[in-house]
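Below is protein_37.txt, which holds compact mmCIF, C-alpha atoms.
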```txt
# COMPACT_ATOMS: atom_id res chain seq x y z
CA MET Z 11 1.75 14.31 28.85
CA ARG Z 12 5.51 13.58 28.68
CA PRO Z 13 6.39 10.37 26.76
CA ALA Z 14 8.11 8.89 29.82
CA LEU Z 15 4.83 8.95 31.73
CA ARG Z 16 2.80 7.06 29.11
CA ARG Z 17 2.83 4.02 31.34
CA LEU Z 18 3.00 5.79 34.74
CA ALA Z 19 1.15 3.12 36.60
CA ARG Z 20 -0.62 1.38 33.79
CA GLY Z 21 -3.32 1.14 36.39
CA ALA Z 22 -3.59 4.96 36.31
CA ARG Z 23 -3.01 5.52 32.63
CA ARG Z 24 -5.04 2.63 31.30
CA LEU Z 25 -7.83 2.66 33.82
CA SER Z 26 -8.87 5.95 32.26
CA ARG Z 27 -8.16 5.04 28.64
CA SER Z 28 -9.34 2.51 26.10
CA TRP Z 29 -7.72 1.45 22.84
CA THR Z 30 -9.95 4.01 21.18
CA ALA Z 31 -8.33 6.91 23.05
CA LEU Z 32 -4.57 6.36 23.01
CA VAL Z 33 -2.03 9.17 23.39
CA THR Z 34 -1.13 11.27 20.33
CA VAL Z 35 2.55 12.14 20.13
CA LEU Z 36 4.10 14.40 17.49
CA LEU Z 37 7.45 13.02 16.30
CA ALA Z 38 9.94 14.81 14.07
CA VAL Z 39 8.73 13.00 10.97
CA GLY Z 40 5.63 11.30 12.22
CA LEU Z 41 2.35 11.73 13.94
CA VAL Z 42 1.01 9.07 16.25
CA VAL Z 43 -2.66 8.85 15.51
CA VAL Z 44 -4.89 6.36 17.26
CA ALA Z 45 -8.65 6.00 17.18
CA TYR Z 46 -11.42 3.82 15.88
CA ARG Z 47 -14.29 4.72 13.59
CA ALA Z 48 -17.66 4.23 15.27
CA GLY Z 49 -19.61 1.52 13.47
CA THR Z 50 -20.01 2.35 9.80
CA ARG Z 51 -19.64 5.80 8.28
CA SER Z 52 -23.15 6.71 9.32
CA THR Z 53 -21.64 8.24 12.48
CA PRO Z 54 -18.06 9.22 11.58
CA VAL Z 55 -17.61 11.71 14.40
CA ASP Z 56 -15.10 11.57 17.24
CA ASP Z 57 -16.72 11.92 20.66
CA THR Z 58 -14.13 14.43 21.85
CA VAL Z 59 -13.45 16.50 18.72
CA SER Z 60 -16.35 17.49 16.49
CA ASP Z 61 -16.48 16.60 12.81
CA VAL Z 62 -13.38 14.39 12.80
CA PRO Z 63 -13.79 11.32 10.56
CA ARG Z 64 -12.51 8.10 12.11
CA VAL Z 65 -11.43 5.56 9.50
CA GLY Z 66 -10.89 1.91 10.34
CA PRO Z 67 -12.72 -0.93 12.07
CA ALA Z 68 -14.78 -0.10 15.13
CA GLU Z 69 -13.88 -1.73 18.42
CA GLY Z 70 -16.17 -4.71 18.89
CA GLN Z 71 -16.81 -5.06 15.15
CA GLN Z 72 -16.09 -8.37 13.45
CA ALA Z 73 -13.02 -8.20 11.20
CA ASP Z 74 -14.83 -9.98 8.36
CA ALA Z 75 -17.77 -7.59 8.66
CA TYR Z 76 -15.43 -4.61 8.40
CA ARG Z 77 -13.72 -6.08 5.35
CA ALA Z 78 -17.08 -6.74 3.67
CA ALA Z 79 -18.36 -3.24 4.40
CA ALA Z 80 -15.17 -1.65 3.03
CA SER Z 81 -15.41 -3.83 -0.10
CA ARG Z 82 -19.03 -2.81 -0.71
CA GLU Z 83 -18.15 0.85 -0.29
CA LEU Z 84 -15.25 0.50 -2.69
CA ASP Z 85 -17.44 -1.22 -5.29
CA ALA Z 86 -20.03 1.56 -5.01
CA ALA Z 87 -17.56 4.47 -5.20
CA PRO Z 88 -18.20 6.69 -8.23
CA ALA Z 89 -15.54 6.61 -10.91
CA GLY Z 90 -13.00 9.31 -11.52
CA ARG Z 91 -12.72 11.43 -8.38
CA PRO Z 92 -9.64 10.66 -6.21
CA VAL Z 93 -10.37 9.97 -2.55
CA TRP Z 94 -8.38 9.17 0.55
CA ALA Z 95 -8.33 5.53 1.60
CA LEU Z 96 -6.99 3.43 4.45
CA VAL Z 97 -5.12 0.28 3.44
CA SER Z 98 -4.66 -2.64 5.83
CA LEU Z 99 -1.94 -5.18 5.03
CA THR Z 100 -1.99 -8.95 5.43
CA ALA Z 101 1.33 -8.90 7.34
CA TYR Z 102 3.69 -6.50 9.06
CA GLN Z 103 6.20 -5.21 6.51
CA ARG Z 104 9.71 -3.79 6.55
CA PRO Z 105 10.30 -0.41 4.86
CA ALA Z 106 12.16 -2.04 1.97
CA ALA Z 107 9.06 -4.01 0.94
CA LEU Z 108 6.75 -1.02 0.63
CA ASP Z 109 7.82 0.37 -2.74
CA ALA Z 110 6.86 -2.82 -4.54
CA LEU Z 111 3.68 -3.28 -2.53
CA PHE Z 112 2.44 0.24 -3.29
CA ALA Z 113 3.89 0.63 -6.79
CA THR Z 114 2.16 3.42 -8.75
CA THR Z 115 0.25 4.43 -5.59
CA SER Z 116 0.49 7.81 -3.85
CA VAL Z 117 1.19 7.02 -0.18
CA THR Z 118 1.11 9.90 2.31
CA ARG Z 119 1.17 8.05 5.66
CA VAL Z 120 2.28 4.66 6.88
CA ILE Z 121 1.08 3.20 10.15
CA ALA Z 122 3.28 0.99 12.28
CA ARG Z 123 3.51 -0.74 15.63
CA VAL Z 124 6.09 -3.11 17.05
CA PRO Z 125 4.26 -6.47 17.26
CA LEU Z 126 5.66 -7.61 20.61
CA PRO Z 127 3.87 -10.68 21.98
CA ASP Z 128 1.20 -9.75 24.53
CA VAL Z 129 2.20 -6.07 24.70
CA GLN Z 130 -0.07 -3.19 23.65
CA THR Z 131 2.62 -1.20 21.86
CA GLN Z 132 2.24 2.34 20.56
CA LEU Z 133 0.76 3.04 17.13
CA VAL Z 134 2.99 5.33 15.09
CA THR Z 135 1.91 7.14 11.95
CA LEU Z 136 4.79 8.39 9.81
CA VAL Z 137 4.28 11.16 7.28
CA VAL Z 138 5.99 10.17 4.04
CA ASP Z 139 6.72 11.58 0.63
CA ARG Z 140 9.26 9.04 -0.66
CA LEU Z 141 8.60 5.55 0.69
CA ALA Z 142 12.12 4.33 0.00
CA VAL Z 143 13.62 7.06 2.21
CA ASP Z 144 11.08 8.53 4.60
CA VAL Z 145 9.81 5.38 6.32
CA ALA Z 146 13.32 4.27 7.28
CA THR Z 147 14.19 7.79 8.42
CA GLY Z 148 10.99 8.00 10.44
CA MET Z 149 11.67 4.67 12.12
CA ARG Z 150 15.16 5.76 13.15
CA ARG Z 151 13.86 8.99 14.62
CA THR Z 152 11.14 7.07 16.42
CA ALA Z 153 13.86 4.80 17.83
CA THR Z 154 15.75 7.83 19.12
CA ALA Z 155 12.63 9.21 20.79
CA LYS Z 156 11.95 5.84 22.42
CA GLU Z 157 15.54 5.49 23.62
CA GLN Z 158 15.19 8.87 25.31
CA ALA Z 159 11.85 7.83 26.83
CA ALA Z 160 13.43 4.61 28.12
CA ALA Z 161 16.24 6.53 29.79
CA THR Z 162 13.77 8.88 31.46
CA ALA Z 163 11.62 5.97 32.66
CA ALA Z 164 14.69 4.18 34.04
CA SER Z 165 15.70 7.33 35.91
CA SER Z 166 12.20 7.61 37.34
CA ALA Z 167 12.36 3.97 38.44
CA ALA Z 168 15.57 4.64 40.31
CA SER Z 169 14.03 7.52 42.24
CA ALA Z 170 10.51 6.12 42.70
CA GLY Z 171 9.23 6.15 46.25
CA THR Z 172 7.56 2.73 46.27
CA ASP Z 173 8.36 -0.72 44.93
CA GLU Z 174 5.18 -0.67 42.87
CA LEU Z 175 6.18 2.53 41.08
CA LYS Z 176 9.70 1.19 40.56
CA GLN Z 177 8.22 -1.86 38.84
CA VAL Z 178 5.91 0.25 36.70
CA TYR Z 179 8.69 2.58 35.54
CA ALA Z 180 11.05 -0.35 34.99
CA ALA Z 181 8.45 -2.14 32.87
CA ASP Z 182 7.88 1.06 30.91
CA ALA Z 183 11.61 1.42 30.25
CA ALA Z 184 11.89 -2.20 29.14
CA VAL Z 185 9.08 -1.87 26.59
CA GLU Z 186 10.49 1.43 25.28
CA ARG Z 187 13.90 -0.21 24.80
CA ARG Z 188 12.40 -3.13 22.92
CA GLU Z 189 10.42 -0.82 20.66
CA ALA Z 190 13.49 1.36 20.10
CA ALA Z 191 15.60 -1.65 19.12
CA ALA Z 192 12.93 -2.83 16.69
CA TYR Z 193 12.59 0.53 14.96
CA ARG Z 194 16.38 0.95 14.90
CA SER Z 195 16.60 -2.33 12.97
CA LEU Z 196 13.92 -1.16 10.49
CA CYS Z 197 11.56 -3.83 11.72
CA ALA Z 198 8.66 -5.53 10.00
CA CYS Z 199 6.26 -3.15 11.75
CA VAL Z 200 4.29 -1.34 9.01
CA TYR Z 201 0.78 -2.73 8.71
CA GLY Z 202 -1.22 0.05 7.07
CA ALA Z 203 -1.09 3.13 4.89
CA VAL Z 204 -3.12 6.16 3.93
CA ILE Z 205 -3.24 6.75 0.20
CA ARG Z 206 -5.01 8.95 -2.32
CA ALA Z 207 -6.28 7.44 -5.57
CA THR Z 208 -9.28 7.10 -7.84
CA PRO Z 209 -11.78 4.32 -7.08
CA GLU Z 210 -10.51 2.48 -10.15
CA GLN Z 211 -6.96 2.57 -8.80
CA LEU Z 212 -8.15 1.53 -5.35
CA ARG Z 213 -10.00 -1.47 -6.78
CA GLU Z 214 -6.85 -2.53 -8.64
CA LEU Z 215 -4.78 -2.15 -5.46
CA ALA Z 216 -7.26 -4.26 -3.51
CA GLN Z 217 -6.46 -7.23 -5.78
CA ARG Z 218 -2.72 -7.20 -5.08
CA ALA Z 219 -1.06 -9.83 -2.94
CA GLY Z 220 -0.32 -8.47 0.51
CA ILE Z 221 -3.31 -6.10 0.57
CA ARG Z 222 -6.02 -7.12 3.03
CA VAL Z 223 -8.49 -4.21 3.01
CA VAL Z 224 -8.84 -1.02 1.00
CA ASP Z 225 -11.25 1.26 2.85
CA PRO Z 226 -12.21 4.39 0.87
CA ALA Z 227 -12.86 7.49 2.97
CA PRO Z 228 -14.62 10.08 0.78
CA GLU Z 229 -15.69 11.97 3.91
CA VAL Z 230 -12.05 12.88 4.64
CA THR Z 231 -11.12 16.27 3.20
CA ARG Z 232 -8.12 17.06 5.43
CA LEU Z 233 -5.67 14.51 6.76
CA ASP Z 234 -4.96 16.64 9.81
CA ARG Z 235 -8.66 16.40 10.68
CA ALA Z 236 -9.00 12.61 10.48
CA THR Z 237 -7.77 9.56 12.35
CA PHE Z 238 -6.78 6.25 10.77
CA VAL Z 239 -6.34 2.84 12.41
CA PRO Z 240 -5.94 -0.16 10.09
CA LEU Z 241 -7.01 -3.69 10.81
CA ARG Z 242 -4.03 -5.43 12.41
CA PRO Z 243 -2.72 -8.48 10.51
CA GLU Z 244 -3.40 -10.81 13.44
CA GLN Z 245 -7.01 -9.65 13.90
CA SER Z 246 -9.46 -12.24 12.60
CA GLY Z 247 -12.37 -12.14 15.04
CA THR Z 248 -13.71 -9.30 17.12
CA VAL Z 249 -11.73 -6.09 16.75
CA GLY Z 250 -10.10 -4.89 19.95
CA PRO Z 251 -6.78 -3.87 21.47
CA PRO Z 252 -3.81 -6.24 21.46
CA SER Z 253 -3.30 -8.49 24.45
CA ASP Z 254 -1.37 -6.73 27.21
CA THR Z 255 -0.68 -9.64 29.55
CA ALA Z 256 3.09 -9.18 29.38
CA ALA Z 257 3.01 -5.44 29.97
CA GLY Z 258 3.97 -5.38 33.62
CA PRO Z 259 2.56 -5.42 37.13
CA SER Z 260 -0.54 -3.38 36.34
CA ALA Z 261 -1.69 -5.33 33.27
CA THR Z 262 -4.40 -7.07 35.25
CA PRO Z 263 -6.06 -3.84 36.50
CA SER Z 264 -6.05 -2.40 33.00
CA ARG Z 265 -7.90 -5.46 31.66
CA SER Z 266 -10.46 -5.14 34.40
CA ALA Z 267 -11.03 -1.50 33.53
CA ALA Z 268 -11.56 -2.36 29.88
CA GLY Z 269 -14.21 -4.86 30.87
```
Represent the structure contained in this file as structure tokens.
Amino acid sequence: MRPALRRLARGARRLSRSWTALVTVLLAVGLVVVAYRAGTRSTPVDDTVSDVPRVGPAEGQQADAYRAAASRELDAAPAGRPVWALVSLTAYQRPAALDALFATTSVTRVIARVPLPDVQTQLVTLVVDRLAVDVATGMRRTATAKEQAAATAASSAASAGTDELKQVYAADAAVERREAAAYRSLCACVYGAVIRATPEQLRELAQRAGIRVVDPAPEVTRLDRATFVPLRPEQSGTVGPPSDTAAGPSATPSRSAAG
């Protein structure tokens, strides 16, 4: 699916999708990865791709219950052997803040979204080696991709055959522009990370200010065969997608489809 069509009639795109099955888009330095883990790790299998661990809170799960389950798993993790883990932050962070937050920690992915009010913005996972350089570079390249997507959507709006499609494409272009501007400014958009560390190191990280959840994932053996979605900073009750009431003319049908 071309990026410009991600919101081609949110009534068409979102009627057939839930927050647990968002589009995956390969960027030059990042991979958009969206999914939720089903319940606890007793059933860590994606419904559409076999044997793919899904790490993060399940849709419909209580945020406090997820945090408690992750804490128990971390406490029970055997000493010594490094494992992958998903880290959820207490607030959206700018790239410049990450080095201090993850000092002495091996970070391989950061997960970001532009926290626009009442808009279900895209989740972007950036592959990183050097936090101080790669996150900012990834954000700028994401901005370029979104600027191109906005231009394509605006062109589609101009040539759309109906007023409804014009509105849908125009709304798509507007959101893409806002996301592009945010990433171009190196926004406070990072809210999670994928790291590799020993359980002892993970337990130490979990005590740092700014860290909300450290969720060990010993079942993950390959990052390209796993999906990670952190707990969003604003989530405090039942886990679910962000509000999408400001998304455009088809926001109401999409909510109806989601139930």
| Hey, can you pull every residue with an atom no more than 7 Å from (10.5, 6.9, 27.9), using all atoms listed in the file, and send it as number ranges by chain? | Z: 13-14, 156-163, 183, 186
Selection to disk with C-alpha atoms, as a PDB file, in the coordinates of the input:
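Output (again-v5.pdb):
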```
ATOM      1  CA  PRO Z  13       6.390  10.370  26.760  1.00  0.00           C
ATOM      2  CA  ALA Z  14       8.110   8.890  29.820  1.00  0.00           C
ATOM      3  CA  LYS Z 156      11.950   5.840  22.420  1.00  0.00           C
ATOM      4  CA  GLU Z 157      15.540   5.490  23.620  1.00  0.00           C
ATOM      5  CA  GLN Z 158      15.190   8.870  25.310  1.00  0.00           C
ATOM      6  CA  ALA Z 159      11.850   7.830  26.830  1.00  0.00           C
ATOM      7  CA  ALA Z 160      13.430   4.610  28.120  1.00  0.00           C
ATOM      8  CA  ALA Z 161      16.240   6.530  29.790  1.00  0.00           C
ATOM      9  CA  THR Z 162      13.770   8.880  31.460  1.00  0.00           C
ATOM     10  CA  ALA Z 163      11.620   5.970  32.660  1.00  0.00           C
ATOM     11  CA  ALA Z 183      11.610   1.420  30.250  1.00  0.00           C
ATOM     12  CA  GLU Z 186      10.490   1.430  25.280  1.00  0.00           C
TER      13      GLU Z 186
END
```
| message | List the spatial neighbours of Leu141 in chain Z as JSON, numbers by chain - criterion: any atom at most 9 Å away, only C-alpha atoms, same-chain residues fewer than 4 positions off excluded. | response | {"Z": [105, 106, 108, 109, 117, 118, 120, 145, 146]}
| Of the listed residues Z:Val137, Z:Ala86, Z:Cys199, Z:Ala110, that which approaches Arg218 in chain Z most closely, counting all atoms listed in the file | Z:Ala110
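For Ala89 in chain Z, the residues within 12 Å (counting all atoms listed in the file, excluding itself and residues fewer than 4 positions away along the chain) are Leu84, Asp85, Val93, Ala207, Thr208, Pro209, Glu210, Gln211, Leu212 and Arg213 of chain Z.
Proximity to Pro226 in chain Z at 10 Å, evaluated using all atoms listed in the file and with sequence-adjacent residues fewer than 2 positions away removed, yields Z:Val65, Z:Gly66, Z:Ala80, Z:Ser81, Z:Glu83, Z:Leu84, Z:Asp85, Z:Ala87, Z:Pro92, Z:Val93, Z:Trp94, Z:Ala95, Z:Leu96, Z:Val97, Z:Val204, Z:Ile205, Z:Arg206, Z:Ala207, Z:Thr208, Z:Pro209, Z:Leu212, Z:Arg213, Z:Val223, Z:Val224, Z:Pro228, Z:Glu229, Z:Val230.
Straight-line separation from CA of Leu215 in chain Z to CA of Val124 in chain Z: 25.0 Å.
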